[in-house]
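Q: Structure file data_6.cif (mmCIF, C-alpha atoms and all ligand atoms) is given on the next line.
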```
data_model
#
loop_
_atom_site.label_atom_id
_atom_site.label_comp_id
_atom_site.auth_asym_id
_atom_site.auth_seq_id
_atom_site.Cartn_x
_atom_site.Cartn_y
_atom_site.Cartn_z
CA MET A 1 52.04 -114.05 100.14
CA SER A 2 51.07 -111.11 98.01
CA ALA A 3 49.28 -108.22 99.69
CA LYS A 4 45.69 -107.25 99.12
CA ILE A 5 45.69 -104.04 97.09
CA ILE A 6 43.63 -101.33 98.79
CA SER A 7 42.06 -99.43 95.90
CA GLY A 8 41.61 -95.76 96.71
CA THR A 9 39.99 -95.38 93.30
CA GLU A 10 37.22 -97.85 94.24
CA ILE A 11 36.64 -96.57 97.78
CA ALA A 12 36.70 -92.95 96.59
CA LYS A 13 34.08 -93.85 93.96
CA GLN A 14 31.76 -95.28 96.64
CA ILE A 15 32.12 -92.18 98.81
CA ARG A 16 31.58 -89.88 95.82
CA GLU A 17 28.32 -91.66 95.04
CA GLU A 18 27.23 -91.03 98.63
CA LEU A 19 28.25 -87.38 98.34
CA GLN A 20 26.51 -86.97 94.99
CA ARG A 21 23.26 -88.17 96.56
CA GLU A 22 23.77 -85.82 99.50
CA ALA A 23 24.46 -82.85 97.19
CA ALA A 24 21.34 -83.64 95.14
CA ASP A 25 19.27 -83.80 98.36
CA LEU A 26 20.61 -80.47 99.56
CA LYS A 27 19.64 -78.90 96.26
CA SER A 28 16.15 -80.38 96.07
CA LYS A 29 15.20 -80.04 99.75
CA HIS A 30 17.04 -76.89 100.77
CA ASN A 31 17.96 -75.17 97.51
CA LEU A 32 21.56 -75.33 98.72
CA VAL A 33 24.43 -75.82 96.26
CA PRO A 34 27.87 -76.37 97.85
CA GLY A 35 30.34 -73.78 96.53
CA LEU A 36 34.09 -74.30 96.29
CA VAL A 37 36.83 -71.96 95.07
CA THR A 38 40.29 -73.32 94.37
CA ILE A 39 42.98 -70.66 94.27
CA LEU A 40 46.15 -71.46 92.37
CA VAL A 41 49.13 -69.13 92.34
CA GLY A 42 51.46 -69.70 89.39
CA GLU A 43 51.81 -72.66 87.06
CA ASP A 44 53.60 -75.43 88.94
CA PRO A 45 52.62 -78.52 86.87
CA ALA A 46 51.87 -80.72 89.91
CA SER A 47 49.70 -78.02 91.48
CA VAL A 48 47.91 -77.40 88.16
CA SER A 49 47.08 -81.09 87.88
CA TYR A 50 45.81 -81.33 91.50
CA VAL A 51 43.63 -78.24 91.15
CA THR A 52 42.26 -79.41 87.80
CA ALA A 53 41.26 -82.73 89.37
CA LYS A 54 39.62 -80.95 92.34
CA GLN A 55 37.65 -78.73 89.97
CA LYS A 56 36.53 -81.65 87.81
CA THR A 57 35.31 -83.64 90.80
CA SER A 58 33.43 -80.71 92.30
CA LYS A 59 31.69 -80.06 88.99
CA ASP A 60 30.85 -83.78 88.62
CA LEU A 61 29.16 -83.62 92.03
CA GLY A 62 27.10 -80.63 90.95
CA PHE A 63 28.88 -78.03 93.08
CA TYR A 64 29.16 -74.35 92.24
CA SER A 65 32.87 -74.18 91.60
CA ILE A 66 35.35 -71.49 90.69
CA GLN A 67 38.94 -71.91 89.59
CA ASP A 68 40.81 -68.71 90.45
CA THR A 69 44.29 -68.70 88.94
CA GLN A 70 46.61 -65.88 89.94
CA PRO A 71 50.00 -64.90 88.47
CA PRO A 72 53.12 -66.18 90.27
CA ASP A 73 54.14 -62.63 91.22
CA ILE A 74 50.87 -61.72 92.97
CA THR A 75 51.65 -59.88 96.22
CA GLU A 76 50.84 -61.40 99.58
CA ASP A 77 48.47 -58.51 100.34
CA LYS A 78 46.58 -58.97 97.08
CA LEU A 79 46.19 -62.69 97.72
CA ILE A 80 44.88 -61.99 101.21
CA THR A 81 42.42 -59.42 99.86
CA LEU A 82 41.19 -62.05 97.40
CA ILE A 83 40.67 -64.57 100.20
CA GLU A 84 38.75 -61.97 102.21
CA GLN A 85 36.44 -61.45 99.23
CA TYR A 86 35.66 -65.17 99.16
CA ASN A 87 35.21 -65.13 102.95
CA ARG A 88 32.32 -62.71 102.36
CA ASP A 89 30.84 -64.48 99.32
CA PRO A 90 27.71 -66.37 100.43
CA LYS A 91 27.81 -68.71 97.42
CA ILE A 92 31.26 -69.95 98.42
CA HIS A 93 31.38 -72.43 101.33
CA GLY A 94 34.89 -73.77 100.83
CA ILE A 95 38.13 -71.96 99.99
CA LEU A 96 41.24 -73.90 99.02
CA VAL A 97 44.60 -72.27 98.41
CA GLN A 98 46.81 -74.80 96.67
CA LEU A 99 50.17 -75.20 98.39
CA PRO A 100 53.05 -74.65 98.10
CA LEU A 101 52.91 -70.92 97.47
CA PRO A 102 55.76 -68.96 95.83
CA LYS A 103 58.63 -68.14 98.20
CA HIS A 104 57.77 -64.42 98.52
CA ILE A 105 54.40 -65.25 100.11
CA ASN A 106 54.10 -66.11 103.79
CA GLU A 107 51.96 -69.26 103.82
CA THR A 108 51.00 -68.91 107.49
CA ARG A 109 49.70 -65.38 106.99
CA VAL A 110 47.61 -66.58 104.04
CA LEU A 111 46.15 -69.47 106.02
CA TYR A 112 45.28 -67.12 108.90
CA ALA A 113 43.34 -64.91 106.47
CA MET A 114 40.83 -67.60 105.68
CA ASP A 115 37.51 -67.85 107.52
CA PRO A 116 37.99 -71.07 109.53
CA LYS A 117 34.40 -72.07 108.64
CA LYS A 118 35.40 -72.10 104.95
CA ASP A 119 38.76 -73.76 105.52
CA VAL A 120 37.97 -77.06 103.78
CA ASP A 121 41.64 -78.09 103.90
CA ALA A 122 41.60 -77.68 107.71
CA PHE A 123 44.98 -75.93 107.60
CA HIS A 124 43.95 -72.82 109.57
CA PRO A 125 45.57 -72.87 113.05
CA PHE A 126 42.07 -72.71 114.60
CA ASN A 127 41.12 -75.96 112.86
CA VAL A 128 44.52 -77.52 113.58
CA GLY A 129 43.91 -76.79 117.27
CA LYS A 130 40.39 -78.23 117.20
CA LEU A 131 41.77 -81.41 115.63
CA MET A 132 44.34 -81.67 118.42
CA ILE A 133 41.68 -81.60 121.16
CA GLY A 134 39.35 -84.04 119.37
CA GLU A 135 36.81 -81.35 118.42
CA ALA A 136 37.44 -81.07 114.67
CA ASP A 137 34.80 -79.59 112.38
CA PHE A 138 36.91 -80.54 109.35
CA TYR A 139 39.64 -83.10 108.99
CA PRO A 140 42.53 -82.34 106.63
CA CYS A 141 41.86 -84.13 103.36
CA THR A 142 44.80 -86.51 102.95
CA PRO A 143 44.81 -87.75 106.56
CA HIS A 144 41.02 -88.13 106.47
CA GLY A 145 41.34 -90.08 103.21
CA ILE A 146 43.90 -92.39 104.83
CA GLN A 147 41.65 -93.00 107.84
CA GLN A 148 38.69 -93.75 105.56
CA LEU A 149 40.79 -96.17 103.49
CA LEU A 150 41.71 -98.06 106.65
CA VAL A 151 38.20 -98.06 108.13
CA ARG A 152 36.44 -99.00 104.90
CA SER A 153 38.97 -101.78 104.23
CA GLY A 154 38.18 -103.29 107.64
CA VAL A 155 41.63 -102.64 109.12
CA LYS A 156 41.53 -102.65 112.93
CA ILE A 157 43.01 -99.35 114.12
CA GLU A 158 42.17 -99.56 117.81
CA GLY A 159 45.19 -100.72 119.78
CA ALA A 160 47.31 -101.03 116.63
CA GLU A 161 50.93 -99.91 116.49
CA VAL A 162 50.91 -97.17 113.85
CA VAL A 163 54.16 -95.75 112.54
CA VAL A 164 54.03 -92.58 110.46
CA VAL A 165 57.07 -91.70 108.36
CA GLY A 166 57.10 -87.93 107.81
CA ARG A 167 56.11 -84.99 110.02
CA SER A 168 54.60 -82.48 107.59
CA ASN A 169 51.74 -80.22 108.65
CA ILE A 170 49.67 -81.56 105.73
CA VAL A 171 50.02 -85.31 106.37
CA GLY A 172 52.39 -86.67 109.02
CA LYS A 173 51.44 -84.58 112.05
CA PRO A 174 47.66 -84.52 111.46
CA ILE A 175 47.30 -88.25 110.67
CA ALA A 176 49.24 -89.07 113.84
CA MET A 177 46.99 -86.74 115.82
CA MET A 178 43.83 -88.23 114.31
CA LEU A 179 44.73 -91.87 114.92
CA VAL A 180 45.72 -91.26 118.54
CA GLN A 181 42.34 -89.71 119.47
CA LYS A 182 39.99 -91.46 121.87
CA GLN A 183 37.46 -91.95 119.07
CA SER A 184 36.23 -94.71 116.78
CA GLY A 185 38.50 -95.27 113.78
CA ALA A 186 41.41 -94.24 116.03
CA ASN A 187 42.70 -95.26 119.49
CA ALA A 188 46.04 -96.39 118.04
CA THR A 189 49.52 -96.20 119.54
CA VAL A 190 51.32 -93.80 117.23
CA THR A 191 55.00 -93.17 116.52
CA ILE A 192 56.20 -90.43 114.18
CA CYS A 193 59.53 -90.91 112.37
CA HIS A 194 61.35 -88.18 110.46
CA THR A 195 64.64 -87.24 108.87
CA LYS A 196 66.42 -87.07 112.23
CA THR A 197 65.11 -90.43 113.51
CA ARG A 198 68.16 -92.46 114.56
CA ASP A 199 67.06 -95.91 113.42
CA MET A 200 64.05 -95.64 111.14
CA ALA A 201 63.81 -99.35 110.33
CA ALA A 202 63.74 -100.30 114.03
CA HIS A 203 60.53 -98.29 114.31
CA THR A 204 58.89 -99.18 110.99
CA ARG A 205 59.37 -102.91 111.69
CA THR A 206 57.12 -102.61 114.75
CA ALA A 207 54.22 -101.19 112.73
CA ASP A 208 50.92 -103.00 112.27
CA ILE A 209 49.95 -100.01 110.13
CA LEU A 210 52.74 -98.14 108.37
CA ILE A 211 51.90 -94.75 106.84
CA VAL A 212 54.61 -93.35 104.61
CA ALA A 213 54.66 -89.66 103.70
CA ALA A 214 58.39 -89.14 103.38
CA GLY A 215 58.50 -87.33 100.04
CA LYS A 216 61.21 -89.66 98.77
CA PRO A 217 60.89 -92.57 96.30
CA LYS A 218 61.53 -96.02 97.81
CA ALA A 219 62.11 -94.54 101.29
CA VAL A 220 60.56 -97.74 102.66
CA THR A 221 61.82 -101.12 101.45
CA ALA A 222 60.70 -104.67 102.29
CA ASP A 223 63.35 -105.17 105.01
CA MET A 224 61.77 -102.25 106.92
CA VAL A 225 58.28 -103.81 107.01
CA LYS A 226 56.84 -106.38 109.41
CA GLU A 227 55.27 -109.50 107.88
CA GLY A 228 51.51 -108.88 107.54
CA ALA A 229 51.62 -105.09 108.06
CA VAL A 230 49.16 -102.75 106.35
CA VAL A 231 51.10 -100.19 104.32
CA ILE A 232 49.69 -96.83 103.21
CA ASP A 233 51.84 -95.02 100.67
CA VAL A 234 51.15 -91.28 100.56
CA GLY A 235 54.07 -90.45 98.25
CA VAL A 236 53.58 -88.87 94.84
CA ASN A 237 56.92 -88.70 93.03
CA ARG A 238 57.15 -87.74 89.38
CA ILE A 239 59.63 -90.01 87.68
CA GLY A 240 59.30 -89.06 84.02
CA MET A 241 56.61 -89.19 81.38
CA THR A 242 54.39 -91.96 80.04
CA ALA A 243 54.10 -92.58 76.28
CA GLU A 244 50.84 -90.53 76.36
CA GLY A 245 52.72 -87.54 77.80
CA LYS A 246 51.30 -87.90 81.33
CA ALA A 247 53.46 -87.70 84.44
CA LYS A 248 54.72 -91.12 85.52
CA LEU A 249 54.27 -91.51 89.27
CA CYS A 250 55.73 -93.65 92.00
CA GLY A 251 55.18 -93.66 95.75
CA ASP A 252 57.53 -93.53 98.73
CA VAL A 253 57.33 -97.31 99.20
CA ASP A 254 59.13 -99.92 97.12
CA PHE A 255 55.79 -101.40 96.05
CA GLU A 256 57.08 -104.54 94.31
CA GLY A 257 59.20 -105.64 97.25
CA VAL A 258 56.85 -104.57 100.06
CA LYS A 259 53.73 -106.15 98.56
CA GLU A 260 55.28 -109.58 99.12
CA LYS A 261 55.50 -108.91 102.85
CA ALA A 262 52.52 -106.71 103.69
CA SER A 263 48.97 -108.03 104.16
CA ALA A 264 47.54 -104.96 102.41
CA ILE A 265 49.04 -102.00 100.54
CA THR A 266 47.89 -98.93 98.63
CA PRO A 267 49.18 -98.43 95.07
CA VAL A 268 50.47 -95.18 93.55
CA PRO A 269 48.62 -93.92 91.62
CA GLY A 270 45.13 -95.09 92.65
CA GLY A 271 45.64 -95.23 96.43
CA VAL A 272 45.56 -92.20 98.68
CA GLY A 273 45.37 -89.61 95.83
CA PRO A 274 41.72 -90.10 94.83
CA MET A 275 40.74 -90.14 98.50
CA THR A 276 42.26 -86.71 99.17
CA ILE A 277 40.07 -85.08 96.55
CA THR A 278 36.99 -86.93 97.76
CA MET A 279 37.49 -85.75 101.33
CA LEU A 280 37.74 -82.17 100.07
CA MET A 281 34.28 -82.63 98.57
CA MET A 282 33.00 -84.06 101.86
CA ASN A 283 34.33 -81.03 103.73
CA THR A 284 32.75 -78.64 101.22
CA ILE A 285 29.34 -80.27 101.68
CA LYS A 286 29.80 -80.07 105.44
CA ALA A 287 30.77 -76.38 105.26
CA ALA A 288 27.69 -75.68 103.11
CA LYS A 289 25.42 -77.48 105.57
CA VAL A 290 26.88 -75.65 108.57
CA SER A 291 26.47 -72.28 106.81
CA ALA A 292 22.79 -73.08 106.19
CA GLY A 293 22.25 -74.17 109.81
CA LEU A 294 21.71 -77.81 108.80
CA LYS A 295 24.39 -79.26 111.07
N1 LIG B 1 49.48 -79.34 98.39
C1 LIG B 1 49.70 -80.67 98.59
N2 LIG B 1 48.65 -81.23 99.21
C2 LIG B 1 47.74 -80.26 99.39
C3 LIG B 1 46.45 -80.24 99.98
O1 LIG B 1 45.90 -81.23 100.47
N3 LIG B 1 45.82 -79.02 99.96
C4 LIG B 1 46.39 -77.91 99.46
N4 LIG B 1 45.71 -76.77 99.53
N5 LIG B 1 47.60 -77.91 98.92
C5 LIG B 1 48.25 -79.08 98.89
#
```
Before we go any further, please render this structure as structure tokens.
A:
Amino acid sequence: MSAKIISGTEIAKQIREELQREAADLKSKHNLVPGLVTILVGEDPASVSYVTAKQKTSKDLGFYSIQDTQPPDITEDKLITLIEQYNRDPKIHGILVQLPLPKHINETRVLYAMDPKKDVDAFHPFNVGKLMIGEADFYPCTPHGIQQLLVRSGVKIEGAEVVVVGRSNIVGKPIAMMLVQKQSGANATVTICHTKTRDMAAHTRTADILIVAAGKPKAVTADMVKEGAVVIDVGVNRIGMTAEGKAKLCGDVDFEGVKEKASAITPVPGGVGPMTITMLMMNTIKAAKVSAGLK
């Protein structure tokens, strides 16, 4: 059996069409244009490419969007002052600081500086806490994209054994927290595996839904996957250049081997990646609506 390929590109396109209609409605009925600023510190090529894609999508959807690129040696205080300016800017509804930040900057302090109402990444501890108690205003973009991929592909989450590989604050911990909630599109039994897990394969083999955000190419191979499992590969590993000079990507899952065992699997690229950006746009529209008293 060869797995069904879950196309993030296709599902993201559908959601973007919905968002485009919503943005057009907000403009015509309420004269409201969602505003997003993406702040990039330095020139890390992966971060540059993510931020460029976020900017392009927000412009395509008709948002007011600003790309604010700062030098790699910007001080922590200056960066925080910049965020505070955007906190006060009424045209800006969403602020995104691309991570990781250079080593001399304390990421937590930067995240605390953001107005939680404009925190479209949902990384501020206030929003992390609201997610934990099932009261989220925003969901973090990659986990939300994963949940949407599952729901829109008709995967039954309720009662499923979900195993998450990876415990990052950006993916592993929040997706586990979202899927365990007593809510629709959730209600799963969730296990989180990480680098200190004693027998990773013993856990992953129990998964009906296996979510891999390990940050390591081929961290999950076919022998670690149950027959018929749904496999979501969150990995983005750069493994050289294509002939056209673009970064060549692979996921954290051995796609060729695992697709023969899984019932459904996301590819890399074209799986979770396009969904992350789309969910950022959804959060920006939501933030704009809340600021205008529409939600
Ligand atoms: N770095 C890797 N993923 C993300 C993300 O979703 N948001 C931000 N701000 N930085 C990231």
Q: Give me, as CSV, each residue of chain A that comes within 7 Å of ligand LIG 1 (chain B), together with its shortest interatomic pair and the distance in Å at one decimal, counting all atoms listed in the file, with rows ordered by chain and rising residue number.
A:
```
residue,atom,partner,partner_atom,distance
A:Leu96,CA,B:LIG1,N4,5.3
A:Val97,CA,B:LIG1,N4,4.8
A:Gln98,CA,B:LIG1,N4,3.6
A:Leu99,CA,B:LIG1,N5,3.8
A:Pro100,CA,B:LIG1,N1,5.9
A:Asp121,CA,B:LIG1,N3,5.8
A:Cys141,CA,B:LIG1,O1,5.8
A:Thr142,CA,B:LIG1,O1,5.9
A:Ile170,CA,B:LIG1,O1,6.5
A:Thr276,CA,B:LIG1,O1,6.7
```
Q: To one decimal place, how far is CA of Ile105 in chain A from CA of Ser58 in chain A in Å?
A: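 We find that CA of Ile105 in chain A and CA of Ser58 in chain A lie 27.2 Å from each other.
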Q: Which residue is closest to Ala53 in chain A? Choose from A:Met275, A:Ala262, A:Ala287, A:Ile15 and count all atoms listed in the file.
A: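 Residue with the minimum atom-to-atom distance to Ala53 in chain A: A:Met275.
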Q: Please identify all polymer residues within 8 Å of range 184-194 of chain A, counting only C-alpha atoms, omitting same-chain residues fewer than 4 positions from it, and present them as a PyMOL selection string.
A: chain A and resi 147+151+157-167+172-173+176+178-180+200+203+214
Q: Quote the spacing between CA of Lys196 in chain A and CA of Ile211 in chain A in Å to one decimal place.
A: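 Atom-to-atom, CA of Lys196 in chain A and CA of Ile211 in chain A are spaced 17.3 Å apart.
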Q: So, counting only C-alpha atoms, which residue among A:Glu260, A:Glu76, A:Asp233, A:Glu107 is closest to Asn169 in chain A?
A: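 Ranking A:Glu260, A:Glu76, A:Asp233, A:Glu107 by distance to Asn169 in chain A, first place goes to A:Glu107.
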Q: Restricting the calculation to all atoms listed in the file: of A:Leu294, A:Ala219, A:Ile83, A:Ile277, which residue gets closest to Thr57 in chain A?
A: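 Among A:Leu294, A:Ala219, A:Ile83, A:Ile277, it is A:Ile277 that comes nearest to Thr57 in chain A.
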Q: Could you check which residues have any atom within 9 Å of (38.6, -78.0, 99.5), counting only C-alpha atoms with coordinates taken straight from the file, and then list them as a PyMOL selection string?
A: chain A and resi 36-38+54+94-97+118-122+141+277+279-284
Q: One decimal, in Å: what's the spacing between CA of Val41 in chain A and CA of Gln70 in chain A?
A: 4.8 Å
Q: Quick one: residues within 9 Å of Met114 in chain A, all atoms listed in the file counted, chain neighbours fewer than 6 positions away excluded, as a PyMOL selection string?
A: chain A and resi 80+83-84+86-87+95+124
Q: Every residue with an atom at most 12 Å from (57.7, -103.3, 95.9) (file coordinates; all atoms listed in the file) is what I'm after, so could you write them as a PyMOL selection string?
A: chain A and resi 2-3+217-225+231+233+250-262+265-268
Q: Which residue out of A:Gly8, A:Gly35, A:Gly154, A:Gly235 has the minimum interatomic distance to Ala23 in chain A when all atoms listed in the file are used?
A: A:Gly35
Q: So which one's closest to Arg238 in chain A, A:Lys27, A:Thr75, A:Lys216, A:Gln14? Using only C-alpha atoms, please.
A: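 For Arg238 in chain A, the nearest of the candidates is A:Lys216.
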Q: Pro125 in chain A: which residues within 10 Å, counting only C-alpha atoms, same-chain residues fewer than 5 positions away excluded, as a PyMOL selection string?
A: chain A and resi 108+111-112+116+130-131
Q: May I ask which of the residues A:Thr206, A:Ser263, A:Thr242, A:Gln85 is the closest one to Gly228 in chain A, counting only C-alpha atoms?
A: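 Distance minimum relative to Gly228 in chain A lands on A:Ser263.
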